[in-house]
Amino acid sequence: MAREGDRGASGGAEDDPPIFNAENLQSNIKSIHYSRTFLSIIGGVIAGIWGFTGLTGFIFYFLVMAAASFGLAAKAKFSICTYFDSWNRIFLDGIFGGLMSFVLFWTFAYDIVHIF
Amino acid sequence: MRIGFMVGILGGILLAHAGYATIQYRGMLKIVEEEFSRPPMNVVVELLLGLAFCIWAALAAPAKFRSIHPDSEENRIVSLPANLDFMIFNHRGKVFPCNAEYKLKK
């Protein structure tokens with residue numbers, strides 16, 4: 001996205017792309033990434049301890065991610081445009097990256113609790 | 001942020017305890033030769049409580065969200081730094097419209 005810029009007032013009507021404070025945007029995106037990664041790991045451990053197998057585990061993961069998305073939207077006081085440049089940052093980014101961590105810790109916890 | 005970490009650690013401890021309780025429950029099931037279907041109800045409650053604590057910690061512990069609008073109230077530069085020798089004021093920013101109503105923030 002070629003819309004980054006550093007601090008400065010948005011100009012008048014001739015300024016089409018909006019100017020963002022790039023370092024704050026990056027800090028916000030990192031914060032979301034940490035939250036989602038941590039919750040993927042915790043969700044994996046819980047799914048393993050609970051004994052989920054197959055599709056149930058993935059449904060549990062998407063439920064945890066939906067709760068995380070709601071929590072992140074609440075943290076941004078539901079005015080996403082003040083803190084992010086698009087809605088996708090809150091709702092879609094990081095979900096499939098977290099899926100790998102979830103499966104890893106799910107199998108790990110399941111093995112420890114139910115097999116060994 | 002500190003209390004976020006504490007709550008997260010507490011959630012982790014709850015999960016570890018729930019895992020240990022499930023291991024013992026399975027050991028007991030092996031003795032009475034029954035199948036494992038789901039953990040006992042207190043372990044399920046403990047897991048959900050640990051999940052709630054960890055969700056709260058995951059939202060509270062990382063950095064607060066900062067506004068990305070350059071002209072929002074919290075992004076203002078409210079005072080000049082002490083060393084003005086290297087500050088240049090004759091730059092291209094002069095084409096931006098000037099907002100003369102800004103007052104020094106108390």
# chains A, B, ... in the order shown; residues from 1 in each chain; ligands from 1
>>> closest_atom_pairs(of="chain B", to="chain A", cutoff="7 Å", atoms="only C-alpha atoms", output="Markdown table")
| residue | atom | partner | partner_atom | distance |
| --- | --- | --- | --- | --- |
| B:Gly19 | CA | A:Ile49 | CA | 5.6 |
| B:Thr22 | CA | A:Val113 | CA | 6.8 |
| B:Ile23 | CA | A:Val113 | CA | 5.4 |
| B:Arg38 | CA | A:Trp50 | CA | 6.7 |
| B:Pro39 | CA | A:Trp50 | CA | 6.3 |
| B:Leu47 | CA | A:Ile46 | CA | 6.6 |
| B:Ile55 | CA | A:Leu39 | CA | 6.7 |
| B:Ala58 | CA | A:Ser35 | CA | 4.8 |
| B:Leu59 | CA | A:Ser35 | CA | 6.2 |
| B:Pro62 | CA | A:Ser31 | CA | 5.5 |
| B:Ala63 | CA | A:Ser31 | CA | 5.9 |
| B:Phe65 | CA | A:Asn28 | CA | 5.4 |
| B:Arg66 | CA | A:Asn24 | CA | 5.7 |
| B:Ser67 | CA | A:Tyr83 | CA | 4.9 |
| B:Ile68 | CA | A:Asn21 | CA | 4.8 |
| B:His69 | CA | A:Phe20 | CA | 5.7 |
| B:Pro70 | CA | A:Arg7 | CA | 5.4 |
| B:Asp71 | CA | A:Ala9 | CA | 6.1 |
| B:Phe96 | CA | A:Gly11 | CA | 6.0 |
| B:Pro97 | CA | A:Gly11 | CA | 6.8 |
>>> select_by_dssp(residues="chain B", states="alpha helix (DSSP H)", output="VMD selection string")
chain B and resid 2 to 32 41 to 60
>>> residues_around(residues="Arg2 in chain B", least_positions_apart="3", cutoff="10 Å", atoms="only C-alpha atoms", output="number ranges by chain")
B: 5-8, 57, 60-61
>>> write_last_selection(atoms="C-alpha atoms", output="PDB file, in the first residue's frame")
ATOM      1  CA  PHE B   5       1.152 -10.123  32.474  1.00  0.00           C
ATOM      2  CA  MET B   6       0.039 -11.264  35.935  1.00  0.00           C
ATOM      3  CA  VAL B   7      -3.391 -12.221  34.660  1.00  0.00           C
ATOM      4  CA  GLY B   8      -1.818 -14.056  31.738  1.00  0.00           C
ATOM      5  CA  ALA B  57      -4.274 -10.684  29.112  1.00  0.00           C
ATOM      6  CA  ALA B  60      -4.382  -5.799  27.845  1.00  0.00           C
ATOM      7  CA  ALA B  61      -0.683  -6.710  27.842  1.00  0.00           C
TER       8      ALA B  61
END
>>> residues_around(residues="Ser101 in chain A", least_positions_apart="4", cutoff="9 Å", atoms="only C-alpha atoms", output="list in words")
Thr37, Ser40, Ile41, Gly44, Gly97, Phe105 and Trp106 of chain A
